[in-house]
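Here's the structure we're looking at; comments come further down.
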Amino acid sequence: MNLTVRTLDVHLAVPFAISRAVRTEKRLVLVELREQDRVAYGEASPDPFFGETPESLEADVRSALELLPEDPRDLAGLRARLDARFPHGGGAACALDILAHDRAAQERGLPLRSFLGLAPGDAPPTSFTIGIAEPSVMAERAAAAKDAGFTVLKVKLGHGDDVVILEAIRRVFDGTIRVDPNAAWTPEEAPARIERIAAFGLEFVEQPVAPGDIDGLRYVRERSPLPIVADEAAVRLADVDRLAGACDGINVKLQKCGGVAEGRAMIERAHELGLKVMLGCRAAETSVAIAAAAHLAPAVEWADLDGNLLISDDPYRAVGVKAGRFVYSGRPGLGAIPA
């Protein structure tokens, strides 16, 4: 196997702010495997919230290359080895898992969603994320997203007046809005804050409280007029059962859970427990990472897969987006090619 690991700096089209951080650029870790005339890709996108840096992910990826199987079909064996090496999931495991799924699907000559048995299904539209800024700026970005054909927005909250922000956005956008304070609220204040914004016709509230406070999340859900979706609290398969009853849905991120195999297991378990699922991403991912989740999207109710749309220098093309809907290329595997 001819393997290459490298880092890549990508840049946000506009500064991207959430309740705990502002980002203008990001360093990613990319992996390529060349066999015969095929190239398989993987990607790790670090998140400091989970203690990841580009340097730590690059070192982890390099140290774990030996886990890749000789047989492209041995995905179960790889998952077991990745679980042992990376019991908490994360970007390094995700990079190798994505690469392995791309490789296996290409070896079969199938697009990844066909390889996963999801080809006939329709994927939900992806939302476009509006980061925290002045309300007028957020409204301008919402109007631009509408002009680009997006029918669903995710609006970041946590700073400023939530009502003023949503009033400004609702003046220019009449589609679906979901909001995400990224754990900025306390369980005591969250119900009243949600009550104040419920009149704006919101779809759900994502991770209102600290991810470790499951009792607090349950407290909010019992008092909320809007559905509650867990994100930072839903990392791995084991988290799904403990979240049942504390929320209405979970946000599965491949970079968070460790890849396609773990993500798919989380989706299946969540549905068994009556939870809805959103496939999400981290701010600033290339089309390699986004494509892996987009191929899984027919299995879920919601999608928030715009990480590649938020950057100005994506070096790949894979799954396109037109009017908020995924456009699958039909190429084998992820379908990723240089831009």
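Each chain in the structure tokens gets a letter, A, B, ..., in the order shown, and its residues are numbered from 1; ligands are numbered from 1 in order too.
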Q) Among stretch 81-210 of chain A, which residues carry a DSSP assignment of alpha helix (DSSP H), reported as a PyMOL selection string? A) chain A and resi 81-85+91-108+112-115+135-147+162-170+190-197
Q) A:Lys154: which residues within 10 Å, counting only C-alpha atoms, same-chain residues fewer than 6 positions away excluded, as a ChimeraX atom specification? A) /A:126-131,142,176-180,202-206,304
(Q) Using only C-alpha atoms, can you tell me which of A:Arg221, A:Asn251, A:Ala283, A:Ala292 comes closest to A:Ile311? (A) A:Ala283
Would you tabulate, counting only C-alpha atoms, all residues of stretch 96-121 of chain A that have an atom at most 9 Å from an atom of stretch 24-37 of chain A, showing the closest pair of atoms and their distance in Å to one decimal, sorted by chain then ascending number, as CSV?
```
residue,atom,partner,partner_atom,distance
A:Leu96,CA,A:Val31,CA,7.7
A:Leu99,CA,A:Val31,CA,7.4
A:Arg103,CA,A:Leu33,CA,8.1
```
Q) Mind checking DSSP for stretch 53-156 of chain A and telling me the strand (DSSP E) residues as a PyMOL selection string? A) chain A and resi 128-130+152-156
Save out the residues we just selected, all heavy atoms, as an mmCIF file, in the first residue's frame.
```cif
data_model
loop_
_atom_site.group_PDB
_atom_site.id
_atom_site.type_symbol
_atom_site.label_atom_id
_atom_site.label_comp_id
_atom_site.auth_asym_id
_atom_site.auth_seq_id
_atom_site.Cartn_x
_atom_site.Cartn_y
_atom_site.Cartn_z
ATOM 1 N N PHE A 128 -27.633 25.149 6.165
ATOM 2 C CA PHE A 128 -26.470 26.024 6.027
ATOM 3 C C PHE A 128 -26.335 26.794 7.331
ATOM 4 O O PHE A 128 -27.324 27.317 7.852
ATOM 5 C CB PHE A 128 -26.632 26.994 4.853
ATOM 6 C CG PHE A 128 -25.397 27.804 4.574
ATOM 7 C CD1 PHE A 128 -24.387 27.280 3.790
ATOM 8 C CD2 PHE A 128 -25.238 29.077 5.126
ATOM 9 C CE1 PHE A 128 -23.233 28.014 3.532
ATOM 10 C CE2 PHE A 128 -24.092 29.817 4.869
ATOM 11 C CZ PHE A 128 -23.081 29.276 4.078
ATOM 12 N N THR A 129 -25.118 26.851 7.867
ATOM 13 C CA THR A 129 -24.923 27.385 9.204
ATOM 14 C C THR A 129 -24.608 28.878 9.181
ATOM 15 O O THR A 129 -23.751 29.332 8.411
ATOM 16 C CB THR A 129 -23.790 26.638 9.916
ATOM 17 O OG1 THR A 129 -24.074 25.236 9.898
ATOM 18 C CG2 THR A 129 -23.664 27.100 11.360
ATOM 19 N N ILE A 130 -25.287 29.605 10.057
ATOM 20 C CA ILE A 130 -25.055 31.033 10.243
ATOM 21 C C ILE A 130 -24.353 31.224 11.584
ATOM 22 O O ILE A 130 -24.944 31.011 12.646
ATOM 23 C CB ILE A 130 -26.377 31.835 10.224
ATOM 24 C CG1 ILE A 130 -27.191 31.515 8.961
ATOM 25 C CG2 ILE A 130 -26.092 33.330 10.347
ATOM 26 C CD1 ILE A 130 -26.519 31.895 7.669
ATOM 27 N N VAL A 152 -33.074 25.326 4.677
ATOM 28 C CA VAL A 152 -32.876 25.046 6.097
ATOM 29 C C VAL A 152 -31.629 25.784 6.568
ATOM 30 O O VAL A 152 -30.575 25.728 5.927
ATOM 31 C CB VAL A 152 -32.693 23.535 6.370
ATOM 32 C CG1 VAL A 152 -32.617 23.280 7.883
ATOM 33 C CG2 VAL A 152 -33.809 22.717 5.738
ATOM 34 N N LEU A 153 -31.747 26.476 7.698
ATOM 35 C CA LEU A 153 -30.610 27.147 8.316
ATOM 36 C C LEU A 153 -30.377 26.583 9.711
ATOM 37 O O LEU A 153 -31.333 26.253 10.423
ATOM 38 C CB LEU A 153 -30.849 28.656 8.456
ATOM 39 C CG LEU A 153 -30.987 29.506 7.198
ATOM 40 C CD1 LEU A 153 -31.190 30.961 7.603
ATOM 41 C CD2 LEU A 153 -29.779 29.359 6.296
ATOM 42 N N LYS A 154 -29.100 26.476 10.090
ATOM 43 C CA LYS A 154 -28.749 26.313 11.495
ATOM 44 C C LYS A 154 -28.181 27.651 11.966
ATOM 45 O O LYS A 154 -27.221 28.163 11.398
ATOM 46 C CB LYS A 154 -27.722 25.217 11.721
ATOM 47 C CG LYS A 154 -27.322 25.091 13.200
ATOM 48 C CD LYS A 154 -26.087 24.254 13.413
ATOM 49 C CE LYS A 154 -26.446 22.782 13.451
ATOM 50 N NZ LYS A 154 -25.307 21.959 13.957
ATOM 51 N N VAL A 155 -28.777 28.192 13.012
ATOM 52 C CA VAL A 155 -28.358 29.496 13.530
ATOM 53 C C VAL A 155 -27.667 29.297 14.867
ATOM 54 O O VAL A 155 -28.250 28.728 15.802
ATOM 55 C CB VAL A 155 -29.566 30.438 13.684
ATOM 56 C CG1 VAL A 155 -29.144 31.758 14.326
ATOM 57 C CG2 VAL A 155 -30.215 30.689 12.322
ATOM 58 N N LYS A 156 -26.439 29.760 14.953
ATOM 59 C CA LYS A 156 -25.679 29.667 16.193
ATOM 60 C C LYS A 156 -26.126 30.763 17.157
ATOM 61 O O LYS A 156 -26.270 31.936 16.767
ATOM 62 C CB LYS A 156 -24.175 29.805 15.917
ATOM 63 C CG LYS A 156 -23.603 28.668 15.087
ATOM 64 C CD LYS A 156 -23.565 27.352 15.859
ATOM 65 C CE LYS A 156 -22.820 26.277 15.091
ATOM 66 N NZ LYS A 156 -22.687 25.014 15.855
#
```
Q) So how far away is atom CA of A:Leu65 from atom CA of A:Gly259, in Å? A) 15.1 Å
Q) Hey, what's within 12 Å of A:Glu301 if we count only C-alpha atoms and toss same-chain stuff fewer than 6 positions away? As a ChimeraX atom specification, please? A) /A:121-126,248-252,267,270-271,275-280
Could you please take those selected residues and save N, CA, C and O atoms as a PDB file, in the first residue's frame?
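The result, stored in part21.pdb:
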```
ATOM      1  N   GLY A 121     -32.494   5.408  -1.173  1.00  0.00           N
ATOM      2  CA  GLY A 121     -33.100   6.387  -0.281  1.00  0.00           C
ATOM      3  C   GLY A 121     -32.816   7.819  -0.663  1.00  0.00           C
ATOM      4  O   GLY A 121     -31.800   8.129  -1.284  1.00  0.00           O
ATOM      5  N   ASP A 122     -33.738   8.714  -0.297  1.00  0.00           N
ATOM      6  CA  ASP A 122     -33.537  10.146  -0.487  1.00  0.00           C
ATOM      7  C   ASP A 122     -32.903  10.723   0.772  1.00  0.00           C
ATOM      8  O   ASP A 122     -33.354  10.464   1.889  1.00  0.00           O
ATOM      9  N   ALA A 123     -31.875  11.522   0.608  1.00  0.00           N
ATOM     10  CA  ALA A 123     -31.245  12.180   1.741  1.00  0.00           C
ATOM     11  C   ALA A 123     -32.005  13.452   2.090  1.00  0.00           C
ATOM     12  O   ALA A 123     -32.556  14.117   1.211  1.00  0.00           O
ATOM     13  N   PRO A 124     -32.050  13.834   3.361  1.00  0.00           N
ATOM     14  CA  PRO A 124     -32.671  15.108   3.722  1.00  0.00           C
ATOM     15  C   PRO A 124     -31.824  16.272   3.220  1.00  0.00           C
ATOM     16  O   PRO A 124     -30.627  16.115   2.958  1.00  0.00           O
ATOM     17  N   PRO A 125     -32.414  17.448   3.074  1.00  0.00           N
ATOM     18  CA  PRO A 125     -31.611  18.607   2.668  1.00  0.00           C
ATOM     19  C   PRO A 125     -30.628  18.979   3.770  1.00  0.00           C
ATOM     20  O   PRO A 125     -30.906  18.787   4.958  1.00  0.00           O
ATOM     21  N   THR A 126     -29.485  19.501   3.384  1.00  0.00           N
ATOM     22  CA  THR A 126     -28.553  19.981   4.401  1.00  0.00           C
ATOM     23  C   THR A 126     -28.905  21.406   4.798  1.00  0.00           C
ATOM     24  O   THR A 126     -29.370  22.210   3.979  1.00  0.00           O
ATOM     25  N   ASP A 248     -34.616  14.400  22.156  1.00  0.00           N
ATOM     26  CA  ASP A 248     -35.470  13.881  21.089  1.00  0.00           C
ATOM     27  C   ASP A 248     -34.673  13.350  19.904  1.00  0.00           C
ATOM     28  O   ASP A 248     -35.212  12.646  19.058  1.00  0.00           O
ATOM     29  N   GLY A 249     -33.410  13.704  19.851  1.00  0.00           N
ATOM     30  CA  GLY A 249     -32.566  13.252  18.750  1.00  0.00           C
ATOM     31  C   GLY A 249     -31.110  13.479  19.079  1.00  0.00           C
ATOM     32  O   GLY A 249     -30.764  14.127  20.071  1.00  0.00           O
ATOM     33  N   ILE A 250     -30.227  12.947  18.236  1.00  0.00           N
ATOM     34  CA  ILE A 250     -28.793  13.118  18.425  1.00  0.00           C
ATOM     35  C   ILE A 250     -28.152  13.588  17.129  1.00  0.00           C
ATOM     36  O   ILE A 250     -28.660  13.324  16.041  1.00  0.00           O
ATOM     37  N   ASN A 251     -27.026  14.273  17.281  1.00  0.00           N
ATOM     38  CA  ASN A 251     -26.223  14.710  16.142  1.00  0.00           C
ATOM     39  C   ASN A 251     -25.020  13.783  16.045  1.00  0.00           C
ATOM     40  O   ASN A 251     -24.134  13.808  16.909  1.00  0.00           O
ATOM     41  N   VAL A 252     -24.986  12.968  15.013  1.00  0.00           N
ATOM     42  CA  VAL A 252     -23.868  12.048  14.780  1.00  0.00           C
ATOM     43  C   VAL A 252     -22.885  12.731  13.845  1.00  0.00           C
ATOM     44  O   VAL A 252     -23.242  13.119  12.734  1.00  0.00           O
ATOM     45  N   ILE A 267     -26.579   5.474  14.485  1.00  0.00           N
ATOM     46  CA  ILE A 267     -27.850   5.765  13.815  1.00  0.00           C
ATOM     47  C   ILE A 267     -28.851   4.637  14.058  1.00  0.00           C
ATOM     48  O   ILE A 267     -30.016   4.875  14.419  1.00  0.00           O
ATOM     49  N   ALA A 270     -29.988   4.606  17.742  1.00  0.00           N
ATOM     50  CA  ALA A 270     -30.870   5.731  18.039  1.00  0.00           C
ATOM     51  C   ALA A 270     -32.280   5.476  17.522  1.00  0.00           C
ATOM     52  O   ALA A 270     -33.270   5.723  18.226  1.00  0.00           O
ATOM     53  N   HIS A 271     -32.383   4.962  16.318  1.00  0.00           N
ATOM     54  CA  HIS A 271     -33.708   4.672  15.766  1.00  0.00           C
ATOM     55  C   HIS A 271     -34.413   3.571  16.549  1.00  0.00           C
ATOM     56  O   HIS A 271     -35.639   3.630  16.737  1.00  0.00           O
ATOM     57  N   LEU A 275     -35.194   7.711  18.811  1.00  0.00           N
ATOM     58  CA  LEU A 275     -34.553   9.007  18.642  1.00  0.00           C
ATOM     59  C   LEU A 275     -34.369   9.315  17.155  1.00  0.00           C
ATOM     60  O   LEU A 275     -34.052   8.423  16.372  1.00  0.00           O
ATOM     61  N   LYS A 276     -34.529  10.557  16.787  1.00  0.00           N
ATOM     62  CA  LYS A 276     -34.194  10.986  15.439  1.00  0.00           C
ATOM     63  C   LYS A 276     -32.698  11.276  15.363  1.00  0.00           C
ATOM     64  O   LYS A 276     -32.022  11.420  16.392  1.00  0.00           O
ATOM     65  N   VAL A 277     -32.191  11.372  14.155  1.00  0.00           N
ATOM     66  CA  VAL A 277     -30.749  11.542  13.970  1.00  0.00           C
ATOM     67  C   VAL A 277     -30.468  12.640  12.946  1.00  0.00           C
ATOM     68  O   VAL A 277     -31.111  12.706  11.891  1.00  0.00           O
ATOM     69  N   MET A 278     -29.487  13.466  13.291  1.00  0.00           N
ATOM     70  CA  MET A 278     -28.920  14.413  12.344  1.00  0.00           C
ATOM     71  C   MET A 278     -27.474  14.012  12.085  1.00  0.00           C
ATOM     72  O   MET A 278     -26.748  13.658  13.016  1.00  0.00           O
ATOM     73  N   LEU A 279     -27.064  14.031  10.846  1.00  0.00           N
ATOM     74  CA  LEU A 279     -25.656  13.876  10.507  1.00  0.00           C
ATOM     75  C   LEU A 279     -25.052  15.263  10.406  1.00  0.00           C
ATOM     76  O   LEU A 279     -25.509  16.099   9.616  1.00  0.00           O
ATOM     77  N   GLY A 280     -24.034  15.517  11.230  1.00  0.00           N
ATOM     78  CA  GLY A 280     -23.418  16.826  11.274  1.00  0.00           C
ATOM     79  C   GLY A 280     -21.958  16.776  10.893  1.00  0.00           C
ATOM     80  O   GLY A 280     -21.406  15.721  10.540  1.00  0.00           O
TER      81      GLY A 280
END
```
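In terms of minimum interatomic distance to A:Ala168, A:Met138 ranks closest within A:Leu237, A:Met138, A:Ile214, A:Ala145, counting only C-alpha atoms.
Once stretch 320-323 of chain A and its same-chain neighbours fewer than 4 positions away are set aside, Pro125, Thr126, Ala145, Lys146, Asp147, Ala148, Gly149, Phe150, Thr151, Ser287, Ile290, Ala291, Ala294, Leu305, Asp306, Asn308, Leu309, Val327, Tyr328 and Ser329 of chain A remain within 10 Å of it when counting only C-alpha atoms.
If you look at atom CA of A:Phe49 and atom CA of A:Glu285, they are 16.1 Å away from each other.
Across the model, the gap from atom CA of A:Thr286 to atom CA of A:Glu43 is 8.0 Å.
With only C-alpha atoms as the atoms that count, the residue of A:Ala119, A:Leu310, A:Leu243, A:Cys94 with the shortest distance to A:Val14 is A:Leu310.
Checking A:Val61, A:Ala93, A:Ile165, A:Ala21 one by one against A:Ile197, counting only C-alpha atoms, you find the shortest gap at A:Ile165.
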Q: Would you list the contacts of A:Val209 as an MDAnalysis selection string, taking every protein, DNA or RNA residue within 9 Å and counting only C-alpha atoms, but skipping same-chain residues closer than 4 positions in sequence?
A: chainID A and resid 181:187 190 213:214 216:217 220
Selected residues written out with N, CA and C atoms, as a PDB file, in the first residue's frame:
```pdb
ATOM      1  N   PRO A 181     -26.977  26.670  20.563  1.00  0.00           N
ATOM      2  CA  PRO A 181     -26.165  27.494  21.461  1.00  0.00           C
ATOM      3  C   PRO A 181     -24.853  26.837  21.877  1.00  0.00           C
ATOM      4  N   ASN A 182     -24.566  25.637  21.399  1.00  0.00           N
ATOM      5  CA  ASN A 182     -23.312  24.955  21.722  1.00  0.00           C
ATOM      6  C   ASN A 182     -23.041  24.927  23.224  1.00  0.00           C
ATOM      7  N   ALA A 183     -24.038  24.475  23.985  1.00  0.00           N
ATOM      8  CA  ALA A 183     -23.897  24.242  25.430  1.00  0.00           C
ATOM      9  C   ALA A 183     -23.671  25.516  26.230  1.00  0.00           C
ATOM     10  N   ALA A 184     -24.133  26.646  25.716  1.00  0.00           N
ATOM     11  CA  ALA A 184     -23.870  27.931  26.378  1.00  0.00           C
ATOM     12  C   ALA A 184     -24.828  28.235  27.522  1.00  0.00           C
ATOM     13  N   TRP A 185     -25.940  27.495  27.629  1.00  0.00           N
ATOM     14  CA  TRP A 185     -26.949  27.818  28.616  1.00  0.00           C
ATOM     15  C   TRP A 185     -26.885  26.871  29.806  1.00  0.00           C
ATOM     16  N   THR A 186     -27.411  27.318  30.926  1.00  0.00           N
ATOM     17  CA  THR A 186     -27.561  26.441  32.097  1.00  0.00           C
ATOM     18  C   THR A 186     -28.936  25.770  32.028  1.00  0.00           C
ATOM     19  N   PRO A 187     -29.084  24.622  32.693  1.00  0.00           N
ATOM     20  CA  PRO A 187     -30.405  23.987  32.702  1.00  0.00           C
ATOM     21  C   PRO A 187     -31.491  24.881  33.291  1.00  0.00           C
ATOM     22  N   ALA A 190     -32.271  27.662  30.448  1.00  0.00           N
ATOM     23  CA  ALA A 190     -32.591  27.216  29.096  1.00  0.00           C
ATOM     24  C   ALA A 190     -34.085  27.173  28.796  1.00  0.00           C
ATOM     25  N   ASP A 213     -23.854  17.034  31.465  1.00  0.00           N
ATOM     26  CA  ASP A 213     -25.013  17.162  32.355  1.00  0.00           C
ATOM     27  C   ASP A 213     -26.243  16.533  31.695  1.00  0.00           C
ATOM     28  N   ILE A 214     -26.316  15.224  31.753  1.00  0.00           N
ATOM     29  CA  ILE A 214     -27.457  14.530  31.135  1.00  0.00           C
ATOM     30  C   ILE A 214     -28.740  14.793  31.910  1.00  0.00           C
ATOM     31  N   GLY A 216     -29.386  17.524  33.449  1.00  0.00           N
ATOM     32  CA  GLY A 216     -29.777  18.869  33.060  1.00  0.00           C
ATOM     33  C   GLY A 216     -30.436  18.891  31.690  1.00  0.00           C
ATOM     34  N   LEU A 217     -29.912  18.088  30.776  1.00  0.00           N
ATOM     35  CA  LEU A 217     -30.513  17.990  29.449  1.00  0.00           C
ATOM     36  C   LEU A 217     -31.933  17.450  29.550  1.00  0.00           C
ATOM     37  N   VAL A 220     -34.280  20.125  30.834  1.00  0.00           N
ATOM     38  CA  VAL A 220     -34.649  21.079  29.782  1.00  0.00           C
ATOM     39  C   VAL A 220     -35.668  20.467  28.833  1.00  0.00           C
TER      40      VAL A 220
END
```
**Q.** Nearby residues (only C-alpha atoms) at most 9 Å from A:Arg62, same-chain spacing under 5 positions excluded, as a list in words
**A.** Val5, Leu57 and Ala92 of chain A
